[in-house]
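Q: This is coords_28.cif (mmCIF, C-alpha atoms).
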```cif
data_target
loop_
_atom_site.group_PDB
_atom_site.id
_atom_site.type_symbol
_atom_site.label_atom_id
_atom_site.label_comp_id
_atom_site.auth_asym_id
_atom_site.auth_seq_id
_atom_site.Cartn_x
_atom_site.Cartn_y
_atom_site.Cartn_z
ATOM 1 C CA MET A 113 241.837 27.603 174.812
ATOM 2 C CA ASN A 114 240.951 26.983 178.382
ATOM 3 C CA PRO A 115 238.700 29.769 179.913
ATOM 4 C CA ASN A 116 240.214 29.235 183.315
ATOM 5 C CA ASP A 117 243.510 30.503 182.026
ATOM 6 C CA ASN A 118 242.019 34.015 181.669
ATOM 7 C CA LEU A 119 240.359 33.994 185.157
ATOM 8 C CA GLU A 120 243.606 33.241 187.025
ATOM 9 C CA PRO A 121 245.372 36.505 186.074
ATOM 10 C CA ARG A 122 242.241 38.484 186.940
ATOM 11 C CA LYS A 123 242.123 36.935 190.400
ATOM 12 C CA ASN A 124 245.729 37.736 190.912
ATOM 13 C CA ASN A 125 245.193 41.359 189.887
ATOM 14 C CA SER A 126 242.236 41.696 192.269
ATOM 15 C CA ARG A 127 244.362 40.458 195.122
ATOM 16 C CA VAL A 128 247.063 42.944 194.312
ATOM 17 C CA TYR A 129 244.572 45.781 194.245
ATOM 18 C CA LEU A 130 243.106 44.618 197.521
ATOM 19 C CA TRP A 131 246.484 44.519 199.162
ATOM 20 C CA VAL A 132 247.356 47.938 197.820
ATOM 21 C CA ALA A 133 244.048 49.333 199.056
ATOM 22 C CA LEU A 134 244.624 47.757 202.436
ATOM 23 C CA VAL A 135 248.103 49.195 202.665
ATOM 24 C CA LEU A 136 246.795 52.638 201.681
ATOM 25 C CA VAL A 137 244.082 52.432 204.338
ATOM 26 C CA LEU A 138 246.616 51.400 206.943
ATOM 27 C CA LEU A 139 248.915 54.179 205.882
ATOM 28 C CA GLY A 140 246.043 56.648 206.129
ATOM 29 C CA ILE A 141 245.082 55.442 209.613
ATOM 30 C CA ASN A 142 248.722 55.648 210.646
ATOM 31 C CA GLY A 143 248.930 59.198 209.356
ATOM 32 C CA VAL A 144 245.801 60.200 211.226
ATOM 33 C CA LEU A 145 247.146 58.651 214.425
ATOM 34 C CA LEU A 146 250.458 60.428 213.970
ATOM 35 C CA TYR A 147 248.626 63.712 213.402
ATOM 36 C CA LEU A 148 246.437 63.233 216.463
ATOM 37 C CA ARG A 149 249.467 62.326 218.592
ATOM 38 C CA SER A 150 251.283 65.419 217.335
ATOM 39 C CA GLN A 151 248.289 67.599 218.228
ATOM 40 C CA GLU A 152 248.090 66.045 221.705
ATOM 41 C CA GLN A 153 251.797 66.570 222.255
ATOM 42 C CA THR A 154 251.516 70.207 221.176
ATOM 43 C CA LYS A 155 248.568 70.678 223.499
ATOM 44 C CA ASN A 156 250.450 69.108 226.404
ATOM 45 C CA GLU A 157 253.476 71.258 225.708
ATOM 46 C CA GLN A 158 251.233 74.349 225.695
ATOM 47 C CA LEU A 159 249.631 73.293 228.993
ATOM 48 C CA THR A 160 253.074 72.757 230.498
ATOM 49 C CA THR A 161 254.170 76.189 229.277
ATOM 50 C CA ASP A 162 251.016 77.762 230.701
ATOM 51 C CA VAL A 163 251.514 76.043 234.072
ATOM 52 C CA GLN A 164 255.145 77.113 234.207
ATOM 53 C CA ALA A 165 254.152 80.691 233.350
ATOM 54 C CA LYS A 166 251.503 80.678 236.079
ATOM 55 C CA ASP A 167 253.977 79.202 238.524
ATOM 56 C CA THR A 168 256.447 81.975 237.695
ATOM 57 C CA LYS A 169 253.737 84.608 238.076
ATOM 58 C CA LEU A 170 252.675 83.123 241.419
ATOM 59 C CA ALA A 171 256.277 83.069 242.698
ATOM 60 C CA GLU A 172 256.773 86.665 241.578
ATOM 61 C CA GLN A 173 253.547 87.720 243.281
ATOM 62 C CA ILE A 174 254.537 85.983 246.541
ATOM 63 C CA LYS A 175 257.944 87.692 246.447
ATOM 64 C CA GLU A 176 256.303 91.055 245.774
ATOM 65 C CA TYR A 177 253.976 90.644 248.792
ATOM 66 C CA GLU A 178 256.894 89.561 250.988
ATOM 67 C CA THR A 179 258.708 92.773 250.006
ATOM 68 C CA ILE A 180 255.575 94.826 250.749
ATOM 69 C CA LYS A 181 255.268 93.147 254.171
ATOM 70 C CA ALA A 182 258.938 93.881 254.963
ATOM 71 C CA ASP A 183 258.441 97.548 254.011
ATOM 72 C CA PHE A 184 255.364 97.875 256.227
ATOM 73 C CA GLU A 185 257.292 96.302 259.126
ATOM 74 C CA ARG A 186 260.162 98.755 258.529
ATOM 75 C CA GLN A 187 257.732 101.670 258.625
ATOM 76 C CA SER A 188 256.217 100.320 261.834
ATOM 77 C CA GLN A 189 259.648 100.222 263.495
ATOM 78 C CA GLU A 190 260.498 103.743 262.297
ATOM 79 C CA LEU A 191 257.210 105.089 263.669
ATOM 80 C CA GLN A 192 257.877 103.400 267.022
ATOM 81 C CA LYS A 193 261.279 105.108 267.191
ATOM 82 C CA LEU A 194 259.558 108.414 266.438
ATOM 83 C CA GLY A 195 257.044 107.735 269.225
ATOM 84 C CA GLN A 196 254.077 107.581 266.849
ATOM 85 C CA SER A 197 251.061 105.276 266.946
ATOM 86 C CA ASN A 198 251.164 102.530 264.293
ATOM 87 C CA ASP A 199 247.863 100.699 264.768
ATOM 88 C CA SER A 200 246.896 101.201 261.113
ATOM 89 C CA LEU A 201 250.210 99.724 259.972
ATOM 90 C CA GLN A 202 249.733 96.668 262.151
ATOM 91 C CA SER A 203 246.342 96.169 260.506
ATOM 92 C CA ARG A 204 247.917 96.414 257.048
ATOM 93 C CA ILE A 205 250.673 93.983 257.990
ATOM 94 C CA ALA A 206 248.011 91.517 259.123
ATOM 95 C CA GLY A 207 246.194 91.983 255.798
ATOM 96 C CA VAL A 208 249.376 91.360 253.787
ATOM 97 C CA ASN A 209 250.074 88.240 255.881
ATOM 98 C CA ALA A 210 246.597 86.948 255.013
ATOM 99 C CA ASP A 211 247.237 87.597 251.312
ATOM 100 C CA LEU A 212 250.563 85.736 251.534
ATOM 101 C CA LEU A 213 248.865 82.730 253.117
ATOM 102 C CA ARG A 214 246.304 82.601 250.306
ATOM 103 C CA LEU A 215 248.952 83.037 247.602
ATOM 104 C CA ARG A 216 251.099 80.260 249.063
ATOM 105 C CA SER A 217 248.064 77.964 249.195
ATOM 106 C CA PHE A 218 247.448 78.320 245.456
ATOM 107 C CA LYS A 219 248.669 75.727 243.010
ATOM 108 C CA ALA A 220 250.060 77.113 239.824
ATOM 109 C CA GLY A 221 247.182 75.740 237.823
ATOM 110 C CA SER A 222 244.551 77.363 240.042
ATOM 111 C CA PHE A 223 246.167 80.822 239.942
ATOM 112 C CA THR A 224 243.943 82.228 237.213
ATOM 113 C CA LEU A 225 244.500 85.335 235.134
ATOM 114 C CA ALA A 226 241.710 87.123 237.025
ATOM 115 C CA MET A 227 243.429 86.319 240.321
ATOM 116 C CA GLN A 228 246.724 87.578 238.953
ATOM 117 C CA LYS A 229 245.117 90.896 238.012
ATOM 118 C CA GLN A 230 243.351 91.143 241.379
ATOM 119 C CA TYR A 231 246.504 90.585 243.457
ATOM 120 C CA LYS A 232 248.578 92.755 241.156
ATOM 121 C CA GLN A 233 246.159 95.671 241.568
ATOM 122 C CA ARG A 234 246.125 95.179 245.345
ATOM 123 C CA ALA A 235 249.931 95.205 245.349
ATOM 124 C CA VAL A 236 249.921 98.480 243.390
ATOM 125 C CA ASN A 237 247.545 100.009 245.968
ATOM 126 C CA LEU A 238 249.697 98.787 248.878
ATOM 127 C CA GLU A 239 252.845 100.184 247.257
ATOM 128 C CA GLY A 240 251.055 103.522 246.888
ATOM 129 C CA GLN A 241 250.228 103.456 250.617
ATOM 130 C CA LEU A 242 253.852 102.599 251.386
ATOM 131 C CA LYS A 243 255.111 105.544 249.367
ATOM 132 C CA LYS A 244 252.682 107.935 251.043
ATOM 133 C CA ARG A 245 253.622 106.701 254.521
ATOM 134 C CA ASP A 246 257.344 106.967 253.669
ATOM 135 C CA GLU A 247 256.764 110.617 252.800
ATOM 136 C CA GLU A 248 254.946 111.127 256.119
ATOM 137 C CA ILE A 249 257.787 109.433 258.034
ATOM 138 C CA ALA A 250 260.376 111.581 256.224
ATOM 139 C CA GLN A 251 258.397 114.689 257.218
ATOM 140 C CA LEU A 252 258.168 113.466 260.822
ATOM 141 C CA LYS A 253 261.933 112.920 260.928
ATOM 142 C CA GLN A 254 262.527 116.406 259.562
ATOM 143 C CA ASP A 255 260.095 117.891 262.100
ATOM 144 C CA ASN A 256 261.809 115.960 264.892
ATOM 145 C CA GLU A 257 265.227 117.182 263.787
ATOM 146 C CA THR A 258 263.930 120.750 263.704
ATOM 147 C CA LEU A 259 262.334 120.306 267.122
ATOM 148 C CA TYR A 260 265.543 118.773 268.479
ATOM 149 C CA THR A 261 267.577 121.702 267.147
ATOM 150 C CA GLU A 262 265.117 124.205 268.626
ATOM 151 C CA THR A 263 265.078 122.330 271.959
ATOM 152 C CA THR A 264 268.885 122.167 272.037
ATOM 153 C CA THR A 265 269.109 125.885 271.287
ATOM 154 C CA LEU A 266 266.494 126.606 273.956
ATOM 155 C CA LYS A 267 268.380 124.478 276.491
ATOM 156 C CA GLU A 268 271.622 126.270 275.653
ATOM 157 C CA ARG A 269 269.905 129.610 276.136
ATOM 158 C CA GLN A 270 268.331 128.364 279.357
ATOM 159 C CA ASN A 271 271.706 127.145 280.614
ATOM 160 C CA LYS A 272 273.272 130.493 279.761
ATOM 161 C CA LEU A 273 270.389 132.268 281.477
ATOM 162 C CA THR A 274 270.755 129.986 284.510
ATOM 163 C CA ASP A 275 274.488 130.687 284.584
ATOM 164 C CA THR A 276 273.782 134.405 284.310
ATOM 165 C CA ILE A 277 271.175 134.233 287.078
ATOM 166 C CA SER A 278 273.568 132.195 289.234
ATOM 167 C CA THR A 279 276.316 134.734 288.586
ATOM 168 C CA ILE A 280 273.975 137.610 289.432
ATOM 169 C CA ALA A 281 272.760 135.767 292.549
ATOM 170 C CA LYS A 282 276.364 135.131 293.639
ATOM 171 C CA THR A 283 277.261 138.745 292.935
ATOM 172 C CA ASN A 284 274.237 139.850 294.945
ATOM 173 C CA ARG A 285 275.202 137.521 297.792
ATOM 174 C CA ASP A 286 278.768 138.786 297.703
ATOM 175 C CA LEU A 287 277.506 142.363 297.615
ATOM 176 C CA SER A 288 275.055 141.612 300.405
ATOM 177 C CA ASP A 289 277.840 140.064 302.463
ATOM 178 C CA LYS A 290 280.016 143.082 301.815
ATOM 179 C CA VAL A 291 277.173 145.396 302.785
ATOM 180 C CA THR A 292 276.548 143.302 305.893
ATOM 181 C CA VAL A 293 280.209 143.482 306.841
ATOM 182 C CA ALA A 294 280.383 147.172 305.992
ATOM 183 C CA SER A 295 277.243 147.909 307.993
ATOM 184 C CA ARG A 296 278.528 146.304 311.176
ATOM 185 C CA LEU A 297 278.895 148.718 314.032
ATOM 186 C CA GLN A 298 282.099 149.190 315.970
ATOM 187 C CA ALA A 299 282.398 149.970 319.685
ATOM 188 C CA ASP A 300 284.875 152.808 320.178
ATOM 189 C CA ASN A 301 286.543 154.097 323.332
ATOM 190 C CA ILE A 302 285.502 151.172 325.537
ATOM 191 C CA LYS A 303 285.982 151.966 329.221
ATOM 192 C CA VAL A 304 285.389 149.867 332.363
ATOM 193 C CA ALA A 305 284.704 151.299 335.812
ATOM 194 C CA ILE A 306 283.425 149.844 339.079
ATOM 195 C CA ILE A 307 280.798 151.076 341.457
ATOM 196 C CA THR A 308 281.372 150.331 345.118
ATOM 197 C CA SER A 309 278.855 149.378 347.748
ATOM 198 C CA LYS A 310 278.841 153.038 348.714
ATOM 199 C CA ASN A 311 277.735 153.900 345.170
ATOM 200 C CA LYS A 312 281.057 155.478 344.298
ATOM 201 C CA GLU A 313 282.407 155.090 340.819
ATOM 202 C CA LYS A 314 286.073 154.149 340.464
ATOM 203 C CA MET A 315 288.117 154.229 337.273
ATOM 204 C CA ASP A 316 291.669 153.142 336.639
ATOM 205 C CA ASP A 317 293.836 153.652 333.606
ATOM 206 C CA LYS A 318 295.070 150.100 333.941
ATOM 207 C CA GLU A 319 291.519 148.915 334.652
ATOM 208 C CA GLU A 320 292.641 147.050 337.739
ATOM 209 C CA PHE A 321 290.337 146.985 340.776
ATOM 210 C CA LYS A 322 290.047 145.291 344.138
ATOM 211 C CA ALA A 323 287.478 142.494 343.901
ATOM 212 C CA LYS A 324 286.082 142.986 347.409
ATOM 213 C CA ARG A 325 285.150 146.581 346.671
ATOM 214 C CA VAL A 326 283.173 145.804 343.460
ATOM 215 C CA GLU A 327 279.398 146.076 343.708
ATOM 216 C CA LYS A 328 278.670 146.795 340.037
ATOM 217 C CA VAL A 329 280.620 146.852 336.785
ATOM 218 C CA LYS A 330 280.059 149.821 334.482
ATOM 219 C CA VAL A 331 280.977 149.589 330.790
ATOM 220 C CA THR A 332 280.819 152.674 328.542
ATOM 221 C CA PHE A 333 281.575 153.052 324.827
ATOM 222 C CA ASN A 334 280.557 154.940 321.717
ATOM 223 C CA LEU A 335 278.848 153.473 318.638
ATOM 224 C CA GLY A 336 281.254 154.267 315.801
ATOM 225 C CA ARG A 337 280.156 156.216 312.730
ATOM 226 C CA ASN A 338 278.930 154.071 309.850
ATOM 227 C CA ASP A 339 277.269 155.632 306.793
ATOM 228 C CA VAL A 340 276.281 152.201 305.424
ATOM 229 C CA SER A 341 274.435 150.927 308.489
ATOM 230 C CA PRO A 342 270.759 151.957 308.471
ATOM 231 C CA LYS A 343 269.462 154.305 311.151
ATOM 232 C CA GLU A 344 267.219 151.997 313.113
ATOM 233 C CA SER A 345 266.856 150.221 316.427
ATOM 234 C CA LYS A 346 269.852 148.002 317.186
ATOM 235 C CA ALA A 347 270.050 145.213 319.756
ATOM 236 C CA VAL A 348 273.376 145.619 321.567
ATOM 237 C CA TYR A 349 274.627 142.768 323.763
ATOM 238 C CA MET A 350 277.315 142.726 326.468
ATOM 239 C CA ARG A 351 279.068 139.624 327.718
ATOM 240 C CA ILE A 352 281.276 139.640 330.813
ATOM 241 C CA LEU A 353 283.475 136.547 330.897
ATOM 242 C CA GLU A 354 285.009 135.483 334.185
ATOM 243 C CA PRO A 355 288.628 134.306 334.403
ATOM 244 C CA ASP A 356 287.549 130.700 333.738
ATOM 245 C CA GLY A 357 285.761 131.770 330.503
ATOM 246 C CA ALA A 358 282.202 131.418 331.815
ATOM 247 C CA ALA A 359 279.794 134.228 330.920
ATOM 248 C CA LEU A 360 278.048 136.042 333.756
ATOM 249 C CA TYR A 361 274.393 135.258 333.177
ATOM 250 C CA ASN A 362 271.268 135.879 335.220
ATOM 251 C CA LEU A 363 267.738 136.307 333.901
ATOM 252 C CA SER A 364 266.860 138.589 336.789
ATOM 253 C CA THR A 365 269.630 141.022 335.858
ATOM 254 C CA GLY A 366 268.842 141.089 332.154
ATOM 255 C CA GLY A 367 270.779 138.050 330.957
ATOM 256 C CA GLY A 368 269.701 135.636 328.244
ATOM 257 C CA THR A 369 270.876 133.772 325.140
ATOM 258 C CA PHE A 370 271.607 134.896 321.562
ATOM 259 C CA THR A 371 273.235 133.448 318.435
ATOM 260 C CA VAL A 372 276.888 134.088 317.651
ATOM 261 C CA ASP A 373 278.486 132.450 314.582
ATOM 262 C CA GLY A 374 275.566 130.033 314.329
ATOM 263 C CA GLN A 375 275.824 128.908 317.965
ATOM 264 C CA GLU A 376 273.723 129.807 320.982
ATOM 265 C CA SER A 377 275.637 131.762 323.614
ATOM 266 C CA PHE A 378 274.852 133.449 326.931
ATOM 267 C CA TYR A 379 274.910 137.238 327.257
ATOM 268 C CA THR A 380 275.104 139.286 330.415
ATOM 269 C CA GLN A 381 272.940 142.253 329.409
ATOM 270 C CA LYS A 382 271.121 143.636 326.388
ATOM 271 C CA GLN A 383 270.015 147.109 325.268
ATOM 272 C CA ASP A 384 267.895 148.272 322.327
ATOM 273 C CA VAL A 385 269.530 151.414 320.954
ATOM 274 C CA VAL A 386 268.179 153.632 318.164
ATOM 275 C CA TYR A 387 271.280 154.154 316.047
ATOM 276 C CA ASP A 388 271.622 157.679 314.650
ATOM 277 C CA ASN A 389 275.246 157.630 313.395
ATOM 278 C CA THR A 390 276.356 160.371 315.822
ATOM 279 C CA ARG A 391 278.862 158.341 317.855
ATOM 280 C CA GLN A 392 276.233 158.118 320.540
ATOM 281 C CA PRO A 393 277.344 156.745 323.920
ATOM 282 C CA VAL A 394 276.066 153.479 325.362
ATOM 283 C CA VAL A 395 276.307 152.515 329.036
ATOM 284 C CA PHE A 396 275.920 149.068 330.632
ATOM 285 C CA THR A 397 275.779 148.748 334.429
ATOM 286 C CA TYR A 398 275.834 145.219 335.785
ATOM 287 C CA ALA A 399 275.395 144.013 339.382
ATOM 288 C CA LYS A 400 276.371 140.398 339.966
ATOM 289 C CA GLY A 401 274.752 140.248 343.405
ATOM 290 C CA ALA A 402 277.580 138.079 344.699
ATOM 291 C CA GLU A 403 281.325 138.257 345.213
ATOM 292 C CA TYR A 404 283.321 138.591 341.993
ATOM 293 C CA LYS A 405 286.123 136.210 341.201
ATOM 294 C CA LYS A 406 289.667 137.476 341.149
ATOM 295 C CA GLY A 407 291.525 137.538 337.868
ATOM 296 C CA VAL A 408 291.237 138.908 334.333
ATOM 297 C CA HIS A 409 287.662 139.464 333.121
ATOM 298 C CA THR A 410 286.780 140.018 329.461
ATOM 299 C CA VAL A 411 284.045 142.348 328.181
ATOM 300 C CA GLU A 412 282.638 141.540 324.714
ATOM 301 C CA LEU A 413 280.173 143.771 322.867
ATOM 302 C CA TYR A 414 277.934 142.455 320.031
ATOM 303 C CA GLU A 415 275.392 143.820 317.551
ATOM 304 C CA GLY A 416 273.586 141.739 314.942
ATOM 305 C CA GLY A 417 275.469 138.625 316.067
ATOM 306 C CA ALA A 418 278.830 140.263 315.227
ATOM 307 C CA LEU A 419 281.511 141.333 317.667
ATOM 308 C CA MET A 420 281.760 145.145 317.907
ATOM 309 C CA GLY A 421 284.713 145.254 320.258
ATOM 310 C CA LYS A 422 286.143 143.940 323.504
ATOM 311 C CA THR A 423 288.370 144.851 326.409
ATOM 312 C CA THR A 424 289.552 143.376 329.709
ATOM 313 C CA PHE A 425 289.705 144.406 333.323
ATOM 314 C CA THR A 426 291.395 142.801 336.280
ATOM 315 C CA LEU A 427 290.071 142.182 339.773
ATOM 316 C CA LYS A 428 292.687 141.565 342.484
#
```
Mind turning the file's structure into structure tokens?

A:
Amino acid sequence: MNPNDNLEPRKNNSRVYLWVALVLVLLGINGVLLYLRSQEQTKNEQLTTDVQAKDTKLAEQIKEYETIKADFERQSQELQKLGQSNDSLQSRIAGVNADLLRLRSFKAGSFTLAMQKQYKQRAVNLEGQLKKRDEEIAQLKQDNETLYTETTTLKERQNKLTDTISTIAKTNRDLSDKVTVASRLQADNIKVAIITSKNKEKMDDKEEFKAKRVEKVKVTFNLGRNDVSPKESKAVYMRILEPDGAALYNLSTGGGTFTVDGQESFYTQKQDVVYDNTRQPVVFTYAKGAEYKKGVHTVELYEGGALMGKTTFTLK
């Protein structure tokens, strides 16, 4: 028997074992690689999930700060309408704007858990300030409504009081006018006579006289009784109007000007009479100092700017 015949099968078996061992090693390495790849994939998936979660948190935080900013701006506008100072709100709006800029500058990966907690707590504080200010604004609105109601009521009362005062004032004016009218004096029993150059007094029932004989004109009358008119000194005026309507007027004979119906007029003579409500007589004697015109003359008597009475006489 050849010894080499036994060695050949042994060599073949060794090769088989070697190949099997090699295959097992390769399979082991492959398994390890597959395991490592699986671990890496899981890790990457976790990182992606974490980034997405941070991105969502960041977006939510930005939205929350945008809402807070809008609420502060709303409060600022409401305070302006109420006429209140809002400097502190403007400062808070600026602070929220700064926070928004920082939040928008973050990348999802850099927005750490600590940052999330920090901005979340700040948002909670800002929302608390918003709620407190909303309560203050609501109170201001209520106070304003109350003040408006009180002011409206006060204005209504004031208007009513003004109307009442106006009514009283008008009533007083009307009463005063009535008293003024009622207190006007009347000239009763007006008579005209002439005095000649020989100092003789002539009277005529028809009050017609010859012009060439007239030196002076004498007018007599009584102050009528009036229980309303006060007993005091009265200025009594006489006007003698010539046929052409011109008033006889001469400063040297006691003439002057006075106001009648708001207009300045000439008077012929004036007397100050202490009225005593006894129908006291009053006498005017006027000398023209020149020839009188022929025709109808009018005598008007006034007191307090009001006509007391009048009559006419004729010179032929």

Q: Find the residues around Leu194 in chain A up to 8 Å (only C-alpha atoms counted), leave out those fewer than 3 positions away in its own chain, and share them as a PyMOL selection string.

A: chain A and resi 190-191+252-253

Q: Please tell me which residues are no farther than 10 Å from (282.5, 151.0, 343.3) in the file, counting only C-alpha atoms, and write them as a list of chain:residue names.

A: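 Counting only C-alpha atoms, I find these residues within 10 Å of (282.5, 151.0, 343.3): A:Ala305, A:Ile306, A:Ile307, A:Thr308, A:Ser309, A:Lys310, A:Asn311, A:Lys312, A:Glu313, A:Lys314, A:Met315, A:Phe321, A:Lys322, A:Ala323, A:Lys324, A:Arg325, A:Val326, A:Glu327, A:Lys328, A:Val329, A:Lys330.
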
Q: Out of A:Tyr177, A:Tyr398, A:Phe425, A:Tyr387, which residue has the shortest atom-to-atom distance to Asp339 in chain A when counting only C-alpha atoms?

A: A:Tyr387

Q: Could you spell out the hits of the PyMOL selection byres ((chain A and resi 365-372) around 10) on the shown file, as a VMD selection string?

A: chain A and resid 349 to 351 359 to 364 373 to 383 397 to 401 414 to 419

Q: Taking only C-alpha atoms into account, name the residue in A:Arg296, A:Lys346, A:Lys244, A:Lys181 that is nearest to Gly421 in chain A.

A: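 Counting only C-alpha atoms, the residue closest to Gly421 in chain A is A:Arg296.
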
Q: Would you compute the distance between CA of Asp183 in chain A and CA of Asn237 in chain A? Give it in Å to one decimal.

A: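 Straight-line distance from CA of Asp183 in chain A to CA of Asn237 in chain A works out to 13.8 Å.
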
Q: From the list A:Thr276, A:Gln230, A:Gln192, A:Thr410, which residue is nearest Lys422 in chain A when using only C-alpha atoms?

A: A:Thr410

Q: Would you please work out which residue, of A:Ala347, A:Ala358, A:Ala133, A:Ala250, is nearest to Val411 in chain A when using only C-alpha atoms?

A: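 Closest candidate: A:Ala358.
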
Q: Which residues match the PyMOL selection byres ((chain A and resi 204) around 12) in the file above, as a list of chain:residue names?

A: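 Checked against the file, the PyMOL selection byres ((chain A and resi 204) around 12) matches A:Tyr177, A:Ile180, A:Lys181, A:Ala182, A:Asp183, A:Phe184, A:Glu185, A:Gln187, A:Ser188, A:Asn198, A:Asp199, A:Ser200, A:Leu201, A:Gln202, A:Ser203, A:Ile205, A:Ala206, A:Gly207, A:Val208, A:Asn209, A:Ala210, A:Asp211, A:Arg234, A:Ala235, A:Asn237, A:Leu238, A:Glu239, A:Gln241, A:Leu242.
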
Q: Quick one: 3 Å padding each side, axis-aligned, all listed atoms of range 182-200 of chain A - centre and edge lengths in Å to one decimal, as lines of an AutoDock Vina configuration file?

A:
```
center_x = 254.1
center_y = 101.1
center_z = 261.6
size_x = 20.4
size_y = 20.5
size_z = 21.2
```

Q: Which one of A:Leu335, A:Leu212, A:Leu266, A:Val132 sits closest to Tyr231 in chain A if you count only C-alpha atoms?

A: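 Counting only C-alpha atoms, the residue closest to Tyr231 in chain A is A:Leu212.
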
Q: Emit range 228-243 of chain A of the structure in the block as a file comprising C-alpha atoms, as a PDB file, in the first residue's frame.

A:
```pdb
ATOM      1  CA  GLN A 228     -36.758  75.948  24.810  1.00  0.00           C
ATOM      2  CA  LYS A 229     -37.377  76.147  28.558  1.00  0.00           C
ATOM      3  CA  GLN A 230     -35.985  79.689  28.732  1.00  0.00           C
ATOM      4  CA  TYR A 231     -38.186  81.056  25.930  1.00  0.00           C
ATOM      5  CA  LYS A 232     -41.192  79.108  27.146  1.00  0.00           C
ATOM      6  CA  GLN A 233     -40.879  80.615  30.632  1.00  0.00           C
ATOM      7  CA  ARG A 234     -40.467  84.099  29.147  1.00  0.00           C
ATOM      8  CA  ALA A 235     -43.594  83.539  27.050  1.00  0.00           C
ATOM      9  CA  VAL A 236     -45.522  82.515  30.181  1.00  0.00           C
ATOM     10  CA  ASN A 237     -44.389  85.726  31.923  1.00  0.00           C
ATOM     11  CA  LEU A 238     -45.367  87.866  28.914  1.00  0.00           C
ATOM     12  CA  GLU A 239     -48.788  86.207  28.731  1.00  0.00           C
ATOM     13  CA  GLY A 240     -49.254  86.983  32.427  1.00  0.00           C
ATOM     14  CA  GLN A 241     -48.440  90.649  31.728  1.00  0.00           C
ATOM     15  CA  LEU A 242     -50.890  90.619  28.821  1.00  0.00           C
ATOM     16  CA  LYS A 243     -53.667  89.262  31.006  1.00  0.00           C
TER      17      LYS A 243
END
```
